[in-house]
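One structure is given here, and the rest of the page talks about it.
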Amino acid sequence: MERKIRVLIAKPGLDGHDRGAKIVARALRDAGMEVVYTGLHQTAEQVVKTAIQEDVDVIGLSLLSGAHMTLFVDVANLLKEKKMDDVLFIGGGIIPEEDVPVLKKAGIAGVFGPGTPVEDIVTFVKKNVKR
Amino acid sequence: MSDLSSSVLKGDVRSIARLITLVENDSSDAIESMKKIHKHTGRAHVIGVTGVMGSGKSSLIFELAYSYRKQGKKVGVIAIDPTSPFTGGALLGDRVRMMDLSADDGVFIRSMGTHGMLGGLTSAVYDVVEILDAAGMDIILVETVGVGQAEVDIVKIADTTLVVLVPGLGDFIQTIKAGLMEIADIFVVNKADRSGVEQIVAEIESMLDISCKTDRRIPVVKTSAKESKGILDLLDEIENHMIYLRKSKVFETKRRKRYEAELTEIIRKRLMGFIFDESKLKKKVEFLIDQISRKELDPYTAADEILGKILK
């Protein structure tokens with residue numbers, strides 16, 4: 001049996017806009033992946049703990065509040081600290097272009113802004129998943 | 001793949017998570033570890049939580065887990081949601097109701113898809129219960145998918161089965177139908193903050209009045225997971241049920257049934273894998289299906305031919 005790609009979709013921080021996260025979760029589900037959806041207001045510690053327990057291959061975070069430079073980077077640092085370098089980390093939301101290189105350098109492999117076709121995200125995950 | 005059993009026995013979270021992934025994918029790498037941990041299992045109280053979709057199972061599990069944590073017990077949660085029969089994908093959303101537990105090191109939650117099983121569980125669930133038990137969980141809560149009337153596999157694995165109902169499901173006839181209503185060790189009427197609670201409680205009680213079982217009256221507990229009400233009553237009834245199981249020796253019977261189901265499942269998976277996954281037989285099966293389609297062969301003769309190859 002082929003192993004299914006397991007993805008954690010979470011919303012860190014305080015904004016309550018979860019439509020984007022839900023659409024991405026649904027698209028990954030329809031692409032045959034197992035998507036663990038945790039909902040709103042996750043701390044970086046919660047995201048990483050959940051990722052460990054659920055043994056996911058991919059973490060996808062959605063953030064529209066503007067706190068991505070803090071919260072995405074916090075999660076990336078925690079992943080490094082826990083030596084979870086086999087987990088693919090992607091993020092999306094309202095993210096200014098000038099922030100993208102900084103986020104990529106911090107370890108966020110893919111950054112997806114508004115208007116990204118969901119197929120692009122599915123393809124990116126399938127192509128870059130590390131396990 | 002290194003043997004994960006010793007680190008699982010020490011309670012190492014990543015090893016537990018990784019071994020679950022292996023059993024979920026029927027990986028042969030899991031087998032050695034599973035063989036070694038079996039003798040370290042049997043301590044945990046396995047509580048099954050089943051009921052119709054939207055009855056509040058996840059929220060109830062959150063409340064139960066939270067209360068067990070206050071008693072200092074370690075809690076494992078297995079939350080099962082449906083796998084799509086069309087794409088093989090799944091959206092596992094039970095954690096949304098359990099968010100406040102994710103920072104607690106004494107709780108291990110794992111979300112699983114059904115992977116084609118129809119009884120409300122997933123075939124790897126027996127292994128996952130063994131893993132969490134061996135890892136030192138005192139309580140293991142197993143949440144089935146939202147069920148209809150007939151998905152009752154949870155009784156094969158749980159020591160105590162909670163059937164969660166909510167007000168407004170239907171009339172008395174629903175409560176005397178076979179299936180779901182027969183498997184409860186405890187009835188939970190959740191969302192007791194809503195109207196119609198007394199009616200459904202009365203209907204369950206009157207069903208129990210005409211029941212032939214006499215050694216133990218099944219309790220009906222009213223809860224409101226939203227308002228955290230009735231949870232302590234439910235904990236008491238779960239404890240009482242375990243005392244009853246131990247006293248009446250039903251405990252041994254239940255555990256034996258679990259192992260019977262587990263053994264059956266392992267054999268079933270291996271046989272199915274042998275027939276349908278292994279290249280040689282699979283080709284033969286495909287060939288026979290073609291013959292059946294052309295009416296050159298009937299399905300029974302074809303089945304004899306396949307089974308003959310294995311049993312000879």
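In the structure tokens, chains take letters A, B, ... by order of appearance, with residues numbered from 1 within each chain and ligands from 1 in the order shown.
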- [ ] Would you return as a ChimeraX atom specification the members of chain A that DSSP assigns to alpha helix (DSSP H) on this structure's backbone?
- [x] /A:19-30,44-54,68-81,100-106,118-128
Proximal residues of chain B relative to chain A (only C-alpha atoms; 8 Å) as a tab-separated table (two decimals) with N, CA and C atoms, in the first residue's frame:
```
chain	number	residue	atom	x	y	z
B	13	VAL	N	7.56	10.25	22.62
B	13	VAL	CA	6.43	10.66	21.78
B	13	VAL	C	6.69	10.43	20.29
B	14	ARG	N	7.90	10.75	19.85
B	14	ARG	CA	8.16	10.60	18.41
B	14	ARG	C	8.19	9.14	17.98
B	16	ILE	N	6.45	6.75	19.43
B	16	ILE	CA	5.04	6.33	19.43
B	16	ILE	C	4.40	6.74	18.10
B	17	ALA	N	4.60	8.02	17.74
B	17	ALA	CA	3.99	8.56	16.53
B	17	ALA	C	4.48	7.82	15.29
B	18	ARG	N	5.78	7.53	15.25
B	18	ARG	CA	6.34	6.88	14.07
B	18	ARG	C	5.86	5.43	13.95
B	21	THR	N	2.45	5.39	12.53
B	21	THR	CA	2.49	5.56	11.08
B	21	THR	C	2.80	4.24	10.38
B	25	ASN	N	0.27	1.99	7.85
B	25	ASN	CA	0.58	1.69	6.46
B	25	ASN	C	0.93	0.22	6.23
B	26	ASP	N	0.56	-0.62	7.22
B	26	ASP	CA	0.83	-2.06	7.13
B	26	ASP	C	2.29	-2.34	6.79
B	87	THR	N	-11.26	9.35	-3.38
B	87	THR	CA	-9.90	9.85	-3.60
B	87	THR	C	-8.88	9.23	-2.64
B	88	GLY	N	-9.36	8.58	-1.57
B	88	GLY	CA	-8.44	8.06	-0.56
B	88	GLY	C	-7.97	9.13	0.41
B	89	GLY	N	-8.39	10.35	0.20
B	89	GLY	CA	-8.01	11.44	1.09
B	89	GLY	C	-8.93	11.49	2.30
B	90	ALA	N	-8.54	12.30	3.28
B	90	ALA	CA	-9.38	12.45	4.47
B	90	ALA	C	-9.15	13.81	5.09
B	91	LEU	N	-10.20	14.36	5.68
B	91	LEU	CA	-10.05	15.56	6.48
B	91	LEU	C	-10.30	15.18	7.93
B	92	LEU	N	-9.23	15.19	8.72
B	92	LEU	CA	-9.31	14.72	10.09
B	92	LEU	C	-9.45	15.95	10.98
B	93	GLY	N	-10.67	16.19	11.46
B	93	GLY	CA	-10.94	17.47	12.12
B	93	GLY	C	-11.31	17.38	13.58
B	94	ASP	N	-11.10	16.22	14.21
B	94	ASP	CA	-11.53	16.08	15.60
B	94	ASP	C	-10.71	16.91	16.57
B	95	ARG	N	-9.47	17.23	16.16
B	95	ARG	CA	-8.61	18.01	17.03
B	95	ARG	C	-9.12	19.42	17.30
B	96	VAL	N	-9.95	19.92	16.38
B	96	VAL	CA	-10.46	21.28	16.53
B	96	VAL	C	-11.13	21.45	17.89
B	99	MET	N	-8.30	21.37	21.15
B	99	MET	CA	-7.13	22.23	21.04
B	99	MET	C	-6.41	22.46	22.36
B	102	SER	N	-3.52	20.21	23.43
B	102	SER	CA	-2.33	19.95	22.62
B	102	SER	C	-1.05	20.48	23.25
B	103	ALA	N	-1.17	21.29	24.31
B	103	ALA	CA	0.04	21.77	24.98
B	103	ALA	C	0.43	20.86	26.14
B	108	PHE	N	-1.73	12.26	24.48
B	108	PHE	CA	-1.27	11.97	23.12
B	108	PHE	C	-2.51	11.78	22.24
B	109	ILE	N	-2.65	12.62	21.23
B	109	ILE	CA	-3.82	12.53	20.34
B	109	ILE	C	-3.36	12.12	18.96
B	110	ARG	N	-4.03	11.16	18.38
B	110	ARG	CA	-3.71	10.78	17.00
B	110	ARG	C	-5.00	10.72	16.19
B	111	SER	N	-5.01	11.41	15.05
B	111	SER	CA	-6.16	11.39	14.14
B	111	SER	C	-5.91	10.34	13.07
B	113	GLY	N	-7.68	8.08	9.54
B	113	GLY	CA	-8.75	7.88	8.56
B	113	GLY	C	-9.23	6.43	8.62
```
Task: Residue with smallest distance to Lys74 in chain B - pool B:Glu239, B:Glu296, B:Asp133, B:Glu32, counting only C-alpha atoms - done: B:Asp133
TODO: Quick one: pick out all strand (DSSP E or B) residues within chain A from a backbone DSSP run and write them as a PyMOL selection string.
DONE: chain A and resi 6-12+34-42+58-63+88-93+110-112
Give me the residues within 12 Å of Gly106 in chain B as a PDB file with N, CA and C atoms, in the first residue's frame, counting only C-alpha atoms and dropping any in the same chain fewer than 2 places off.
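Output (around-v6.pdb):
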```pdb
ATOM      1  N   LYS A  49       4.029  20.380  18.466  1.00  0.00           N
ATOM      2  CA  LYS A  49       3.622  19.194  19.230  1.00  0.00           C
ATOM      3  C   LYS A  49       2.617  18.351  18.457  1.00  0.00           C
TER       4      LYS A  49
ATOM      5  N   GLY B  11       7.881   5.682  26.528  1.00  0.00           N
ATOM      6  CA  GLY B  11       6.933   6.773  26.351  1.00  0.00           C
ATOM      7  C   GLY B  11       7.425   7.877  25.434  1.00  0.00           C
ATOM      8  N   ASP B  12       8.454   7.616  24.638  1.00  0.00           N
ATOM      9  CA  ASP B  12       8.976   8.645  23.729  1.00  0.00           C
ATOM     10  C   ASP B  12       7.955   8.979  22.632  1.00  0.00           C
ATOM     11  N   VAL B  13       7.559  10.247  22.615  1.00  0.00           N
ATOM     12  CA  VAL B  13       6.431  10.663  21.782  1.00  0.00           C
ATOM     13  C   VAL B  13       6.686  10.431  20.288  1.00  0.00           C
ATOM     14  N   ALA B  65     -10.922  13.768  28.823  1.00  0.00           N
ATOM     15  CA  ALA B  65      -9.459  13.773  28.884  1.00  0.00           C
ATOM     16  C   ALA B  65      -8.983  14.820  29.891  1.00  0.00           C
ATOM     17  N   TYR B  66      -9.612  15.974  29.858  1.00  0.00           N
ATOM     18  CA  TYR B  66      -9.252  17.065  30.765  1.00  0.00           C
ATOM     19  C   TYR B  66      -9.433  16.632  32.225  1.00  0.00           C
ATOM     20  N   TYR B  68      -9.545  13.483  33.396  1.00  0.00           N
ATOM     21  CA  TYR B  68      -8.573  12.428  33.744  1.00  0.00           C
ATOM     22  C   TYR B  68      -7.198  13.015  34.004  1.00  0.00           C
ATOM     23  N   ARG B  69      -6.844  14.072  33.271  1.00  0.00           N
ATOM     24  CA  ARG B  69      -5.562  14.735  33.500  1.00  0.00           C
ATOM     25  C   ARG B  69      -5.508  15.345  34.895  1.00  0.00           C
ATOM     26  N   LYS B  70      -6.656  15.875  35.351  1.00  0.00           N
ATOM     27  CA  LYS B  70      -6.707  16.451  36.699  1.00  0.00           C
ATOM     28  C   LYS B  70      -6.465  15.378  37.750  1.00  0.00           C
ATOM     29  N   GLN B  71      -6.838  14.125  37.414  1.00  0.00           N
ATOM     30  CA  GLN B  71      -6.574  13.016  38.349  1.00  0.00           C
ATOM     31  C   GLN B  71      -5.147  12.492  38.197  1.00  0.00           C
ATOM     32  N   GLY B  72      -4.385  13.117  37.295  1.00  0.00           N
ATOM     33  CA  GLY B  72      -2.988  12.709  37.125  1.00  0.00           C
ATOM     34  C   GLY B  72      -2.790  11.542  36.191  1.00  0.00           C
ATOM     35  N   LYS B  73      -3.857  11.143  35.483  1.00  0.00           N
ATOM     36  CA  LYS B  73      -3.730   9.997  34.581  1.00  0.00           C
ATOM     37  C   LYS B  73      -3.221  10.430  33.210  1.00  0.00           C
ATOM     38  N   LYS B  74      -2.457   9.541  32.574  1.00  0.00           N
ATOM     39  CA  LYS B  74      -2.014   9.820  31.206  1.00  0.00           C
ATOM     40  C   LYS B  74      -3.080   9.345  30.228  1.00  0.00           C
ATOM     41  N   VAL B  75      -3.346  10.162  29.231  1.00  0.00           N
ATOM     42  CA  VAL B  75      -4.478   9.902  28.348  1.00  0.00           C
ATOM     43  C   VAL B  75      -4.035   9.807  26.886  1.00  0.00           C
ATOM     44  N   GLY B  76      -4.468   8.752  26.214  1.00  0.00           N
ATOM     45  CA  GLY B  76      -4.296   8.642  24.774  1.00  0.00           C
ATOM     46  C   GLY B  76      -5.642   8.800  24.086  1.00  0.00           C
ATOM     47  N   VAL B  77      -5.657   9.494  22.974  1.00  0.00           N
ATOM     48  CA  VAL B  77      -6.896   9.672  22.218  1.00  0.00           C
ATOM     49  C   VAL B  77      -6.666   9.206  20.786  1.00  0.00           C
ATOM     50  N   LEU B 101      -5.837  20.673  24.700  1.00  0.00           N
ATOM     51  CA  LEU B 101      -5.048  19.560  25.222  1.00  0.00           C
ATOM     52  C   LEU B 101      -3.695  19.464  24.548  1.00  0.00           C
ATOM     53  N   SER B 102      -3.517  20.207  23.433  1.00  0.00           N
ATOM     54  CA  SER B 102      -2.327  19.950  22.615  1.00  0.00           C
ATOM     55  C   SER B 102      -1.046  20.478  23.254  1.00  0.00           C
ATOM     56  N   ALA B 103      -1.168  21.295  24.310  1.00  0.00           N
ATOM     57  CA  ALA B 103       0.041  21.774  24.976  1.00  0.00           C
ATOM     58  C   ALA B 103       0.434  20.862  26.139  1.00  0.00           C
ATOM     59  N   ASP B 104      -0.405  19.870  26.449  1.00  0.00           N
ATOM     60  CA  ASP B 104      -0.211  19.024  27.633  1.00  0.00           C
ATOM     61  C   ASP B 104       0.588  17.768  27.273  1.00  0.00           C
ATOM     62  N   PHE B 108      -1.734  12.261  24.476  1.00  0.00           N
ATOM     63  CA  PHE B 108      -1.272  11.970  23.116  1.00  0.00           C
ATOM     64  C   PHE B 108      -2.506  11.775  22.244  1.00  0.00           C
ATOM     65  N   ILE B 109      -2.651  12.616  21.225  1.00  0.00           N
ATOM     66  CA  ILE B 109      -3.822  12.528  20.345  1.00  0.00           C
ATOM     67  C   ILE B 109      -3.364  12.116  18.960  1.00  0.00           C
ATOM     68  N   LEU B 132      -0.311   2.630  22.448  1.00  0.00           N
ATOM     69  CA  LEU B 132      -0.563   3.644  23.482  1.00  0.00           C
ATOM     70  C   LEU B 132      -0.581   3.004  24.870  1.00  0.00           C
ATOM     71  N   ALA B 135       2.901   2.304  25.881  1.00  0.00           N
ATOM     72  CA  ALA B 135       3.622   3.554  26.143  1.00  0.00           C
ATOM     73  C   ALA B 135       3.226   4.175  27.484  1.00  0.00           C
ATOM     74  N   GLY B 136       2.303   3.524  28.200  1.00  0.00           N
ATOM     75  CA  GLY B 136       1.998   3.970  29.555  1.00  0.00           C
ATOM     76  C   GLY B 136       0.757   4.821  29.723  1.00  0.00           C
ATOM     77  N   MET B 137      -0.107   4.842  28.718  1.00  0.00           N
ATOM     78  CA  MET B 137      -1.352   5.587  28.882  1.00  0.00           C
ATOM     79  C   MET B 137      -2.265   4.825  29.855  1.00  0.00           C
ATOM     80  N   ASP B 138      -2.869   5.555  30.794  1.00  0.00           N
ATOM     81  CA  ASP B 138      -3.799   4.915  31.731  1.00  0.00           C
ATOM     82  C   ASP B 138      -5.178   4.785  31.117  1.00  0.00           C
ATOM     83  N   ILE B 139      -5.528   5.775  30.323  1.00  0.00           N
ATOM     84  CA  ILE B 139      -6.851   5.832  29.703  1.00  0.00           C
ATOM     85  C   ILE B 139      -6.639   5.983  28.194  1.00  0.00           C
ATOM     86  N   ILE B 140      -7.346   5.181  27.407  1.00  0.00           N
ATOM     87  CA  ILE B 140      -7.312   5.376  25.955  1.00  0.00           C
ATOM     88  C   ILE B 140      -8.736   5.608  25.470  1.00  0.00           C
TER      89      ILE B 140
END
```
TODO: Have a look at CA of Gly91 in chain A and CA of His68 in chain A and let me know their distance in Å, one decimal.
DONE: 8.8 Å
Task: Distance query Leu234 in chain B at most 7 Å, only C-alpha atoms, self and fewer than 4 positions along chain excluded, as a PyMOL selection string - done: chain B and resi 221+230+238
Output of the above residues as a CSV table (one decimal), in the first residue's frame, restricted to N, CA and C atoms:
```
chain,number,residue,atom,x,y,z
B,221,VAL,N,-26.6,8.9,31.4
B,221,VAL,CA,-26.0,10.1,32.0
B,221,VAL,C,-26.2,11.3,31.1
B,230,GLY,N,-22.1,17.5,34.0
B,230,GLY,CA,-22.4,16.1,33.9
B,230,GLY,C,-21.1,15.2,33.7
B,238,ILE,N,-18.2,5.5,34.4
B,238,ILE,CA,-17.2,4.7,33.7
B,238,ILE,C,-16.4,3.9,34.7
```
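Between CA of Thr41 in chain B and CA of Asp3 in chain B the interatomic distance comes to 17.4 Å.
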Task: Coordinates-based distance that separates CA of Ala79 in chain B from CA of Ala192 in chain B (Å, one decimal) - done: 23.1 Å
Task: Nearby residues (only C-alpha atoms) at most 12 Å from Lys130 in chain A, same-chain spacing under 3 positions excluded, as a VMD selection string - done: chain A and resid 5 to 6 56 to 59 84 to 89 109 124 to 127
Task: Contact residues around Val152 in chain B with only C-alpha atoms at 12 Å, ignoring same-chain residues under 3 positions, as a VMD selection string - done: chain B and resid 48 to 52 117 to 121 144 to 149 155 to 158 161 to 163 178 to 184
Given the selection you just returned, output its residues as a file containing N, CA and C atoms, formatted as a PDB file, in the first residue's frame.
```pdb
ATOM      1  N   GLY B  48     -14.500   3.442  24.498  1.00  0.00           N
ATOM      2  CA  GLY B  48     -14.974   3.759  23.160  1.00  0.00           C
ATOM      3  C   GLY B  48     -16.060   4.813  23.218  1.00  0.00           C
ATOM      4  N   VAL B  49     -15.988   5.775  22.322  1.00  0.00           N
ATOM      5  CA  VAL B  49     -17.008   6.822  22.274  1.00  0.00           C
ATOM      6  C   VAL B  49     -17.608   6.816  20.876  1.00  0.00           C
ATOM      7  N   THR B  50     -18.880   6.459  20.794  1.00  0.00           N
ATOM      8  CA  THR B  50     -19.510   6.395  19.482  1.00  0.00           C
ATOM      9  C   THR B  50     -20.856   7.118  19.516  1.00  0.00           C
ATOM     10  N   GLY B  51     -21.385   7.410  18.352  1.00  0.00           N
ATOM     11  CA  GLY B  51     -22.652   8.137  18.288  1.00  0.00           C
ATOM     12  C   GLY B  51     -22.781   8.801  16.937  1.00  0.00           C
ATOM     13  N   VAL B  52     -23.940   9.371  16.690  1.00  0.00           N
ATOM     14  CA  VAL B  52     -24.197   9.973  15.387  1.00  0.00           C
ATOM     15  C   VAL B  52     -23.305  11.198  15.177  1.00  0.00           C
ATOM     16  N   MET B 117     -12.505   0.857   5.971  1.00  0.00           N
ATOM     17  CA  MET B 117     -13.260   0.020   6.902  1.00  0.00           C
ATOM     18  C   MET B 117     -14.649   0.626   7.119  1.00  0.00           C
ATOM     19  N   LEU B 118     -15.648  -0.247   7.324  1.00  0.00           N
ATOM     20  CA  LEU B 118     -17.020   0.255   7.369  1.00  0.00           C
ATOM     21  C   LEU B 118     -17.654   0.243   8.758  1.00  0.00           C
ATOM     22  N   GLY B 119     -16.977  -0.296   9.741  1.00  0.00           N
ATOM     23  CA  GLY B 119     -17.612  -0.460  11.054  1.00  0.00           C
ATOM     24  C   GLY B 119     -17.450   0.716  11.990  1.00  0.00           C
ATOM     25  N   GLY B 120     -16.911   1.836  11.491  1.00  0.00           N
ATOM     26  CA  GLY B 120     -16.732   3.009  12.339  1.00  0.00           C
ATOM     27  C   GLY B 120     -15.307   3.141  12.860  1.00  0.00           C
ATOM     28  N   LEU B 121     -14.470   2.115  12.578  1.00  0.00           N
ATOM     29  CA  LEU B 121     -13.077   2.142  13.033  1.00  0.00           C
ATOM     30  C   LEU B 121     -12.150   2.101  11.829  1.00  0.00           C
ATOM     31  N   THR B 144     -15.035   6.913  17.415  1.00  0.00           N
ATOM     32  CA  THR B 144     -15.374   6.366  16.101  1.00  0.00           C
ATOM     33  C   THR B 144     -15.753   7.502  15.171  1.00  0.00           C
ATOM     34  N   VAL B 145     -15.900   7.186  13.901  1.00  0.00           N
ATOM     35  CA  VAL B 145     -16.516   8.158  12.999  1.00  0.00           C
ATOM     36  C   VAL B 145     -17.951   8.372  13.464  1.00  0.00           C
ATOM     37  N   GLY B 146     -18.591   9.423  12.995  1.00  0.00           N
ATOM     38  CA  GLY B 146     -20.003   9.608  13.289  1.00  0.00           C
ATOM     39  C   GLY B 146     -20.749   8.447  12.660  1.00  0.00           C
ATOM     40  N   VAL B 147     -21.520   7.711  13.467  1.00  0.00           N
ATOM     41  CA  VAL B 147     -22.089   6.466  12.953  1.00  0.00           C
ATOM     42  C   VAL B 147     -23.587   6.598  12.673  1.00  0.00           C
ATOM     43  N   GLY B 148     -24.104   5.640  11.927  1.00  0.00           N
ATOM     44  CA  GLY B 148     -25.544   5.515  11.735  1.00  0.00           C
ATOM     45  C   GLY B 148     -26.069   4.509  12.738  1.00  0.00           C
ATOM     46  N   GLN B 149     -26.765   3.502  12.266  1.00  0.00           N
ATOM     47  CA  GLN B 149     -27.368   2.567  13.205  1.00  0.00           C
ATOM     48  C   GLN B 149     -26.578   1.270  13.350  1.00  0.00           C
ATOM     49  N   VAL B 155     -17.254  -2.121  19.899  1.00  0.00           N
ATOM     50  CA  VAL B 155     -17.358  -3.063  21.027  1.00  0.00           C
ATOM     51  C   VAL B 155     -16.257  -4.116  21.000  1.00  0.00           C
ATOM     52  N   LYS B 156     -15.653  -4.309  19.835  1.00  0.00           N
ATOM     53  CA  LYS B 156     -14.601  -5.323  19.767  1.00  0.00           C
ATOM     54  C   LYS B 156     -13.332  -4.847  20.458  1.00  0.00           C
ATOM     55  N   ILE B 157     -13.208  -3.555  20.651  1.00  0.00           N
ATOM     56  CA  ILE B 157     -11.941  -3.043  21.172  1.00  0.00           C
ATOM     57  C   ILE B 157     -12.073  -2.354  22.528  1.00  0.00           C
ATOM     58  N   ALA B 158     -13.256  -1.809  22.832  1.00  0.00           N
ATOM     59  CA  ALA B 158     -13.402  -1.013  24.053  1.00  0.00           C
ATOM     60  C   ALA B 158     -13.764  -1.881  25.253  1.00  0.00           C
ATOM     61  N   THR B 161     -18.024   1.018  26.448  1.00  0.00           N
ATOM     62  CA  THR B 161     -18.511   1.718  25.264  1.00  0.00           C
ATOM     63  C   THR B 161     -19.552   2.762  25.663  1.00  0.00           C
ATOM     64  N   LEU B 162     -19.278   4.012  25.288  1.00  0.00           N
ATOM     65  CA  LEU B 162     -20.248   5.084  25.507  1.00  0.00           C
ATOM     66  C   LEU B 162     -20.994   5.327  24.205  1.00  0.00           C
ATOM     67  N   VAL B 163     -22.316   5.255  24.240  1.00  0.00           N
ATOM     68  CA  VAL B 163     -23.108   5.624  23.075  1.00  0.00           C
ATOM     69  C   VAL B 163     -23.665   7.024  23.335  1.00  0.00           C
ATOM     70  N   ALA B 178     -32.213  -2.729  16.568  1.00  0.00           N
ATOM     71  CA  ALA B 178     -30.952  -3.433  16.806  1.00  0.00           C
ATOM     72  C   ALA B 178     -29.787  -2.563  16.382  1.00  0.00           C
ATOM     73  N   GLY B 179     -28.581  -2.954  16.784  1.00  0.00           N
ATOM     74  CA  GLY B 179     -27.386  -2.239  16.364  1.00  0.00           C
ATOM     75  C   GLY B 179     -26.849  -1.338  17.442  1.00  0.00           C
ATOM     76  N   LEU B 180     -26.709  -0.079  17.098  1.00  0.00           N
ATOM     77  CA  LEU B 180     -26.065   0.896  17.984  1.00  0.00           C
ATOM     78  C   LEU B 180     -26.623   0.880  19.413  1.00  0.00           C
ATOM     79  N   MET B 181     -27.955   0.744  19.523  1.00  0.00           N
ATOM     80  CA  MET B 181     -28.573   0.838  20.843  1.00  0.00           C
ATOM     81  C   MET B 181     -28.285  -0.390  21.709  1.00  0.00           C
ATOM     82  N   GLU B 182     -27.732  -1.439  21.094  1.00  0.00           N
ATOM     83  CA  GLU B 182     -27.444  -2.653  21.870  1.00  0.00           C
ATOM     84  C   GLU B 182     -26.047  -2.674  22.467  1.00  0.00           C
ATOM     85  N   ILE B 183     -25.187  -1.761  22.029  1.00  0.00           N
ATOM     86  CA  ILE B 183     -23.779  -1.911  22.400  1.00  0.00           C
ATOM     87  C   ILE B 183     -23.364  -1.034  23.571  1.00  0.00           C
ATOM     88  N   ALA B 184     -24.285  -0.206  24.082  1.00  0.00           N
ATOM     89  CA  ALA B 184     -23.882   0.750  25.112  1.00  0.00           C
ATOM     90  C   ALA B 184     -23.608   0.062  26.440  1.00  0.00           C
TER      91      ALA B 184
END
```
